[in-house]
Amino acid sequence: MRDITLLLSDYAEKIGIYLTKEQLCAFQTYAELLMQWNEKMNLTAIKEPGEIAMKHFIDSLTIFSCIELKKEAKVIDVGTGAGFPGIPMKIYREDIQLTLLDSLNKRLIFLEEVCSQLHLETKRIHARAEQAGRDFSLRMKFDIVTARAVAPLRILCEYCLPFVRFDGVFVAMKGPNAQQEIKEAQNAIQVLGCELEEVQTFVLPDGSCRSILVIRRQKSFSGEFPRHGSKIAKNPL
């Protein structure tokens, strides 16, 4: 796989992120592992090195353009898949306490290898989000909850908001047309004790548009949530 470090450095600077040589090397290793493992399991449809740099790494790092993470912030990446946005966040800010949650164990095995190779300390949990959200060791315990390309917002809220602590935020990473999803999710956000604080739209260096939604917890919520996954899907809040 060709070296993407110069390209990645240039892309990152365009969104106000300055990566060290060590961080760039970590991203290069991550990309190489992604491609190696993708040959034996379906991790990503994006295979061109420049697109990996842009659509996975830079896209994940845009989160730092809209929120300020305190030192050693507790972060959970829900439905992390191949590790986005969690692993890029951890490479850039190694101090964060990162938990990677996914329902597919083979993805977590891949992420264990990534974290081992990059010497990143993370916690990895094999569970469905609605099950983990009822675990009192995880429920309302995180400063930042992230999710990228997992589900429509009104469904995603019930999966993710139970993890958000008081005054913490859920950062939902969406495409350019998030307004309809926001409208449909208003009831879910309110029922789960939160409010939409901010919507930021970004144009990535390749011209593609992204929306980042910041939803902050204001109060507690009913113990009946999150419901079983089938109920969430059939009858969204």
# chains A, B, ... in the order shown; residues from 1 in each chain; ligands from 1
>>> select_by_dssp(residues="stretch 28-183 of chain A", states="strand (DSSP E)", output="NGL selection string")
:A and (74-78 or 97-102 or 122-126 or 142-148 or 164-174)
>>> residues_around(residues="A:Pro152", least_positions_apart="5", cutoff="10 Å", atoms="only C-alpha atoms", output="PyMOL selection string")
chain A and resi 157+174+178+181-182+184-185+236
>>> write_last_selection(atoms="C-alpha atoms", output="JSON list (two decimals), in the first residue's frame")
[["chain", "number", "residue", "atom", "x", "y", "z"],
["A", 157, "CYS", "CA", -30.78, 8.39, 19.71],
["A", 174, "LYS", "CA", -24.19, 12.50, 9.40],
["A", 178, "ALA", "CA", -29.46, 16.01, 8.23],
["A", 181, "GLU", "CA", -33.52, 13.40, 10.39],
["A", 182, "ILE", "CA", -33.33, 16.12, 13.05],
["A", 184, "GLU", "CA", -37.98, 13.25, 12.93],
["A", 185, "ALA", "CA", -35.77, 12.78, 16.02],
["A", 236, "PRO", "CA", -39.10, 4.62, 16.94]]
>>> atom_distance(atom1="atom CA of A:Thr62", atom2="atom CA of A:Glu32")
21.8 Å
>>> residues_around(residues="stretch 220-226 of chain A", least_positions_apart="4", cutoff="9 Å", atoms="only C-alpha atoms", output="JSON, numbers by chain")
{"A": [129, 130, 131, 133, 134, 140, 158, 159, 160, 161, 162, 165, 166, 191, 192, 193, 194, 232]}
>>> closest_residue(among="A:Tyr11, A:Ala147, A:Leu138, A:Phe110", to="A:Lys55", atoms="only C-alpha atoms")
A:Tyr11
>>> closest_residue(among="A:Met41, A:Pro88, A:Phe163, A:Lys183", to="A:Arg139", atoms="only C-alpha atoms")
A:Phe163
>>> residues_around(residues="A:Leu108", least_positions_apart="3", cutoff="9 Å", atoms="only C-alpha atoms", output="list in words")
Thr80, Gly81, Ala82, Gly83, Leu100, Leu101, Asp102, Ser103, Leu104, Asn105, Leu111, Glu112, Glu113, Arg124, Ile125 and His126 of chain A
